[in-house]
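Beneath this line is the structure, given in C-alpha cells, with notes to follow.
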Amino acid sequence: MIERIWSGRSPLWLLLWPLSLLYGAVSWLIRLSFQHGWRKSWRAPCPVIVVGNLTAGGNGKTPVVIWLVQALQQRGLRPGIVSRGYGGKAERYPLLVDAETSTELAGDEPVLIAQRTGAPVAVAPQRRVAVEALLSRQQLDVIITDDGLQHYALQRDREWVVVDGVRRFGNGWWLPAGPMRERASRLDQVDAVIVNGGEASGREIAMTLQPGQAINLVTGQSASLTQLPPVIAMAGIGHPPRFFTTLKQQGLQPVAEIAFADHHAYSEAELSSLTQQGQCLLMTEKDAVKCRAFARENWWYLPVDAHLAGASLPVLLDDITQLCLNARDAKPR
C-alpha cells in the first residue's frame, strides 16, 4: 500500500499531504538552524564522507559503503565506518563492532560492513560519539558514515547520495505522503549521485548489484543458483522486490517469494516453517548475518557486490585520497 501511495498510483497520498508539509517545514528549519549556527555542529579531526539518500527505504547504500571502503583500502588509506545501527538494541553507546558482536546489539548493516571490509565500525545514535570512539582507539584517515545525510550535527567534507534508479523519487513529496526526506533539488549540492539500477544520466554514476555464488550458512559451501534445490526466496531489506528481481535476472524462478520488513528480527521457528522437504531457503547477505546462530543446512544466502561505472569515479576517489593525505600531513607530529 505505501508503495502505491508514494508512487502516486493511489489518491490516498492527498490525505497525508498536510503532514508532509509539516515534515518539510520541520526538516527545513532543522537544516537552516545548523547552517546559521543556531544549533552547533561538530567537525571531526579527519575527513568525513557521508553515503546517504533522499528517500526512505532501501536504496543500496550499504553496498556502496562497502565498495568505497574497499576502494580506499586499496589506496593505502585507513577508513572507519560509523552507523546509527537501525534495529540494534545495545544497552549503551558507542558500540564497537567486532567478530563477536551480534546483530541484535549493533543492527544488521554494521555487522555486515565489518565482516565484508575488516574495517573498524562503531554504532551510536549520535554519530559524533561513534566517531570519537573510533578515533580514540586507532589512527584513521577518513570516516565514512552509512546513512546520515540529514544528520547535520556532524559536519562532512563530501556527500555521496544513492538513488533507486527504478523508483527514483516517487510522487516527489515529503514523508509520509511521499518517500522524500529532502527535496530532489538537494542533489545539486552533493558531490556524487549514484543510481542503483535504471538509467543514469548527466553526471550520475551508474551502479549495478552483481551477485556471486550462493553460500551455505552452515557449511560455507558455495554453489551456483542453478545447482540449488527448489528455492524459497526471502528478503528483509528496504525494497525486497529488488532481490527477487536479481534472482530472476540470474535465471532462477523461486517457488515462493517472501518479503519481511527491513531490519526484521528472525527466529529459527519462523524461518524453518517456510520450506518443505526438498526445498532450500535463499536470503540476502544482510539477512544471513542475523541467522547464522540458528541456521539450518538448507539455508543459503546470495552475496552481491556494487559495480560502479562513470567517468567521474577516478576523480572522486582521487579527491578523497588527496583530502585524506592533506589532513594526515596537517596533523602535529
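Letters for chains follow the order of the C-alpha cells (A, B, ...), residue numbers begin at 1 for each chain, and ligand numbers begin at 1 in the order shown.
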> Would you give me, as number ranges by chain, the residues in stretch 74-231 of chain A that DSSP reads as helix (DSSP H, G or I)?
Replying inline: A: 74, 103-106, 108-117, 127-135, 184-189, 225-227
Could you write out the selected residues, including N, CA and C atoms, as a tab-separated table (two decimals), in the first residue's frame?
chain	number	residue	atom	x	y	z
A	74	GLN	N	42.42	-0.10	-0.80
A	74	GLN	CA	43.33	-0.45	-1.88
A	74	GLN	C	44.30	0.69	-2.18
A	103	THR	N	23.94	-9.00	15.71
A	103	THR	CA	23.08	-8.03	15.03
A	103	THR	C	21.99	-7.50	15.97
A	104	GLU	N	21.66	-8.26	17.01
A	104	GLU	CA	20.67	-7.77	17.98
A	104	GLU	C	21.18	-6.52	18.69
A	105	LEU	N	22.49	-6.42	18.87
A	105	LEU	CA	23.07	-5.25	19.53
A	105	LEU	C	23.39	-4.13	18.55
A	106	ALA	N	24.02	-4.50	17.43
A	106	ALA	CA	24.55	-3.47	16.53
A	106	ALA	C	23.64	-3.14	15.36
A	108	ASP	N	21.90	-5.00	11.64
A	108	ASP	CA	22.43	-5.89	10.62
A	108	ASP	C	23.49	-5.24	9.73
A	109	GLU	N	23.28	-3.99	9.33
A	109	GLU	CA	24.19	-3.37	8.38
A	109	GLU	C	25.59	-3.15	8.94
A	110	PRO	N	25.76	-2.65	10.18
A	110	PRO	CA	27.12	-2.51	10.71
A	110	PRO	C	27.87	-3.83	10.79
A	111	VAL	N	27.18	-4.91	11.19
A	111	VAL	CA	27.84	-6.21	11.27
A	111	VAL	C	28.26	-6.69	9.88
A	112	LEU	N	27.39	-6.51	8.90
A	112	LEU	CA	27.71	-6.90	7.54
A	112	LEU	C	28.91	-6.12	7.01
A	113	ILE	N	28.94	-4.81	7.24
A	113	ILE	CA	30.05	-3.98	6.75
A	113	ILE	C	31.36	-4.41	7.40
A	114	ALA	N	31.33	-4.66	8.71
A	114	ALA	CA	32.54	-5.08	9.41
A	114	ALA	C	33.05	-6.41	8.87
A	115	GLN	N	32.14	-7.34	8.61
A	115	GLN	CA	32.54	-8.66	8.11
A	115	GLN	C	33.11	-8.57	6.70
A	116	ARG	N	32.53	-7.73	5.87
A	116	ARG	CA	32.96	-7.67	4.47
A	116	ARG	C	34.25	-6.88	4.28
A	117	THR	N	34.50	-5.87	5.12
A	117	THR	CA	35.63	-4.97	4.89
A	117	THR	C	36.79	-5.16	5.86
A	127	ARG	N	26.22	10.37	15.86
A	127	ARG	CA	27.39	9.89	15.12
A	127	ARG	C	28.70	10.49	15.62
A	128	ARG	N	28.65	11.66	16.23
A	128	ARG	CA	29.87	12.22	16.81
A	128	ARG	C	30.45	11.26	17.85
A	129	VAL	N	29.59	10.68	18.66
A	129	VAL	CA	30.03	9.75	19.70
A	129	VAL	C	30.71	8.54	19.07
A	130	ALA	N	30.15	8.05	17.97
A	130	ALA	CA	30.74	6.90	17.28
A	130	ALA	C	32.09	7.26	16.68
A	131	VAL	N	32.19	8.44	16.09
A	131	VAL	CA	33.46	8.88	15.50
A	131	VAL	C	34.53	8.99	16.58
A	132	GLU	N	34.20	9.62	17.70
A	132	GLU	CA	35.17	9.79	18.78
A	132	GLU	C	35.62	8.43	19.33
A	133	ALA	N	34.70	7.47	19.38
A	133	ALA	CA	35.07	6.14	19.88
A	133	ALA	C	36.08	5.48	18.96
A	134	LEU	N	35.90	5.60	17.67
A	134	LEU	CA	36.86	5.01	16.73
A	134	LEU	C	38.23	5.68	16.82
A	135	LEU	N	38.22	7.02	16.83
A	135	LEU	CA	39.48	7.75	16.79
A	135	LEU	C	40.25	7.65	18.10
A	184	ALA	N	14.34	16.82	-4.11
A	184	ALA	CA	15.29	16.32	-5.09
A	184	ALA	C	16.33	17.37	-5.47
A	185	SER	N	16.00	18.65	-5.30
A	185	SER	CA	16.96	19.71	-5.60
A	185	SER	C	18.20	19.64	-4.72
A	186	ARG	N	18.13	18.90	-3.63
A	186	ARG	CA	19.30	18.72	-2.75
A	186	ARG	C	20.45	18.04	-3.48
A	187	LEU	N	20.14	17.30	-4.55
A	187	LEU	CA	21.18	16.63	-5.32
A	187	LEU	C	22.15	17.61	-5.96
A	188	ASP	N	21.70	18.85	-6.18
A	188	ASP	CA	22.57	19.85	-6.78
A	188	ASP	C	23.73	20.22	-5.87
A	189	GLN	N	23.64	19.88	-4.60
A	189	GLN	CA	24.64	20.31	-3.62
A	189	GLN	C	25.57	19.18	-3.19
A	225	LEU	N	23.39	-20.73	-8.56
A	225	LEU	CA	21.96	-20.75	-8.28
A	225	LEU	C	21.27	-21.93	-8.96
A	226	THR	N	21.79	-22.33	-10.10
A	226	THR	CA	21.16	-23.44	-10.82
A	226	THR	C	21.42	-24.79	-10.15
A	227	GLN	N	22.39	-24.83	-9.23
A	227	GLN	CA	22.69	-26.08	-8.52
A	227	GLN	C	21.83	-26.27	-7.27
> Which residue gives the smallest distance to A:Cys280 among A:Pro254, A:Pro11, A:Pro125, A:Gly172, with only C-alpha atoms counted?
Replying inline: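 The closest residue to A:Cys280 is A:Pro254.
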> Do you know which residues are at most 7 Å from A:Leu140 counting only C-alpha atoms, after dropping those on the same chain fewer than 4 positions away, and could you put them as a count of residues only?
Replying inline: 4
>> Let me make sure I understand: among A:Ala256, A:Leu217, A:Ala153, A:Ala71, which one has the smallest atom-to-atom distance to A:Trp38 if we use only C-alpha atoms?
In response: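 Of A:Ala256, A:Leu217, A:Ala153, A:Ala71, the one nearest A:Trp38 is A:Ala153, counting only C-alpha atoms.
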> stretch 84-315 of chain A: which residues are strand (DSSP E) by DSSP, as a ChimeraX atom specification?
Replying inline: /A:95-97,121-123,142-146,158-164,192-196,205-211,214-216,222-223,231-235,256-259,280-284,299-302,304-309
Could you turn the residues from that selection into a file that holds C-alpha atoms, as a PDB file, in the first residue's frame?
ATOM      1  CA  LEU A  95      29.220   0.212  20.475  1.00  0.00           C
ATOM      2  CA  LEU A  96      32.357  -1.000  18.730  1.00  0.00           C
ATOM      3  CA  VAL A  97      31.603  -3.833  16.321  1.00  0.00           C
ATOM      4  CA  VAL A 121      32.925   0.080  12.761  1.00  0.00           C
ATOM      5  CA  ALA A 122      31.193   1.977  15.572  1.00  0.00           C
ATOM      6  CA  VAL A 123      27.489   2.419  16.235  1.00  0.00           C
ATOM      7  CA  VAL A 142      38.761   9.039   6.946  1.00  0.00           C
ATOM      8  CA  ILE A 143      35.351   8.348   8.466  1.00  0.00           C
ATOM      9  CA  ILE A 144      32.546   7.041   6.259  1.00  0.00           C
ATOM     10  CA  THR A 145      29.024   7.305   7.597  1.00  0.00           C
ATOM     11  CA  ASP A 146      26.478   4.735   6.478  1.00  0.00           C
ATOM     12  CA  ARG A 158      31.961  15.101   0.946  1.00  0.00           C
ATOM     13  CA  GLU A 159      28.437  13.794   0.308  1.00  0.00           C
ATOM     14  CA  TRP A 160      27.506  10.835  -1.882  1.00  0.00           C
ATOM     15  CA  VAL A 161      23.819  10.122  -2.474  1.00  0.00           C
ATOM     16  CA  VAL A 162      22.415   6.792  -3.660  1.00  0.00           C
ATOM     17  CA  VAL A 163      19.207   6.887  -5.726  1.00  0.00           C
ATOM     18  CA  ASP A 164      16.956   3.969  -6.579  1.00  0.00           C
ATOM     19  CA  ALA A 192      28.245  12.326  -6.272  1.00  0.00           C
ATOM     20  CA  VAL A 193      24.889  10.875  -7.304  1.00  0.00           C
ATOM     21  CA  ILE A 194      24.917   7.089  -7.664  1.00  0.00           C
ATOM     22  CA  VAL A 195      21.963   5.484  -9.434  1.00  0.00           C
ATOM     23  CA  ASN A 196      21.235   1.904  -8.400  1.00  0.00           C
ATOM     24  CA  ILE A 205      27.148   7.329 -11.721  1.00  0.00           C
ATOM     25  CA  ALA A 206      25.577   4.049 -12.813  1.00  0.00           C
ATOM     26  CA  MET A 207      25.533   1.245 -10.258  1.00  0.00           C
ATOM     27  CA  THR A 208      24.576  -2.395 -10.582  1.00  0.00           C
ATOM     28  CA  LEU A 209      24.463  -5.078  -7.922  1.00  0.00           C
ATOM     29  CA  GLN A 210      26.201  -8.162  -9.254  1.00  0.00           C
ATOM     30  CA  PRO A 211      25.615 -11.423  -7.381  1.00  0.00           C
ATOM     31  CA  ALA A 214      25.144 -18.743  -3.253  1.00  0.00           C
ATOM     32  CA  ILE A 215      26.805 -19.609   0.075  1.00  0.00           C
ATOM     33  CA  ASN A 216      25.512 -22.104   2.618  1.00  0.00           C
ATOM     34  CA  SER A 222      29.329 -22.210  -2.474  1.00  0.00           C
ATOM     35  CA  ALA A 223      27.109 -23.173  -5.389  1.00  0.00           C
ATOM     36  CA  VAL A 231      14.158 -22.206  -3.783  1.00  0.00           C
ATOM     37  CA  ILE A 232      12.008 -20.273  -1.334  1.00  0.00           C
ATOM     38  CA  ALA A 233      13.350 -16.723  -1.645  1.00  0.00           C
ATOM     39  CA  MET A 234      13.107 -14.317   1.295  1.00  0.00           C
ATOM     40  CA  ALA A 235      14.303 -10.784   1.932  1.00  0.00           C
ATOM     41  CA  ALA A 256       7.797 -18.550  -3.499  1.00  0.00           C
ATOM     42  CA  GLU A 257       8.911 -15.017  -2.655  1.00  0.00           C
ATOM     43  CA  ILE A 258       8.535 -13.878   0.952  1.00  0.00           C
ATOM     44  CA  ALA A 259       9.141 -10.277   1.992  1.00  0.00           C
ATOM     45  CA  CYS A 280      16.026 -24.606   0.338  1.00  0.00           C
ATOM     46  CA  LEU A 281      15.758 -21.095   1.763  1.00  0.00           C
ATOM     47  CA  LEU A 282      17.676 -18.385  -0.110  1.00  0.00           C
ATOM     48  CA  MET A 283      18.139 -14.979   1.534  1.00  0.00           C
ATOM     49  CA  THR A 284      20.169 -11.792   1.194  1.00  0.00           C
ATOM     50  CA  TRP A 299      19.678 -22.180   4.205  1.00  0.00           C
ATOM     51  CA  TRP A 300      21.718 -20.207   1.677  1.00  0.00           C
ATOM     52  CA  TYR A 301      22.446 -16.551   1.010  1.00  0.00           C
ATOM     53  CA  LEU A 302      23.420 -14.631  -2.094  1.00  0.00           C
ATOM     54  CA  VAL A 304      26.165  -9.069  -4.051  1.00  0.00           C
ATOM     55  CA  ASP A 305      28.848  -6.546  -4.932  1.00  0.00           C
ATOM     56  CA  ALA A 306      28.301  -2.998  -6.105  1.00  0.00           C
ATOM     57  CA  HIS A 307      29.772  -2.237  -9.515  1.00  0.00           C
ATOM     58  CA  LEU A 308      30.029   1.456 -10.270  1.00  0.00           C
ATOM     59  CA  ALA A 309      30.688   2.947 -13.684  1.00  0.00           C
TER      60      ALA A 309
END
> Any idea what the distance is between atom CA of A:Gly24 and atom CA of A:Gly170?
Replying inline: 15.9 Å
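Across the model, the gap from atom CA of A:Leu252 to atom CA of A:Pro230 is 9.4 Å.
Within 12 Å of stretch 13-19 of chain A, once only C-alpha atoms are used and residues closer than 5 positions along the same chain are dropped, the contacting residues are Met1, Ile2, Glu3, Arg4, Ile5, Trp6, Ser7, Gly8, Gly24, Ala25, Val26, Gly170, Asn171, Gly172, Trp173, Trp174, Leu175, Pro176, Ala177, Gly178 and Pro179 of chain A.
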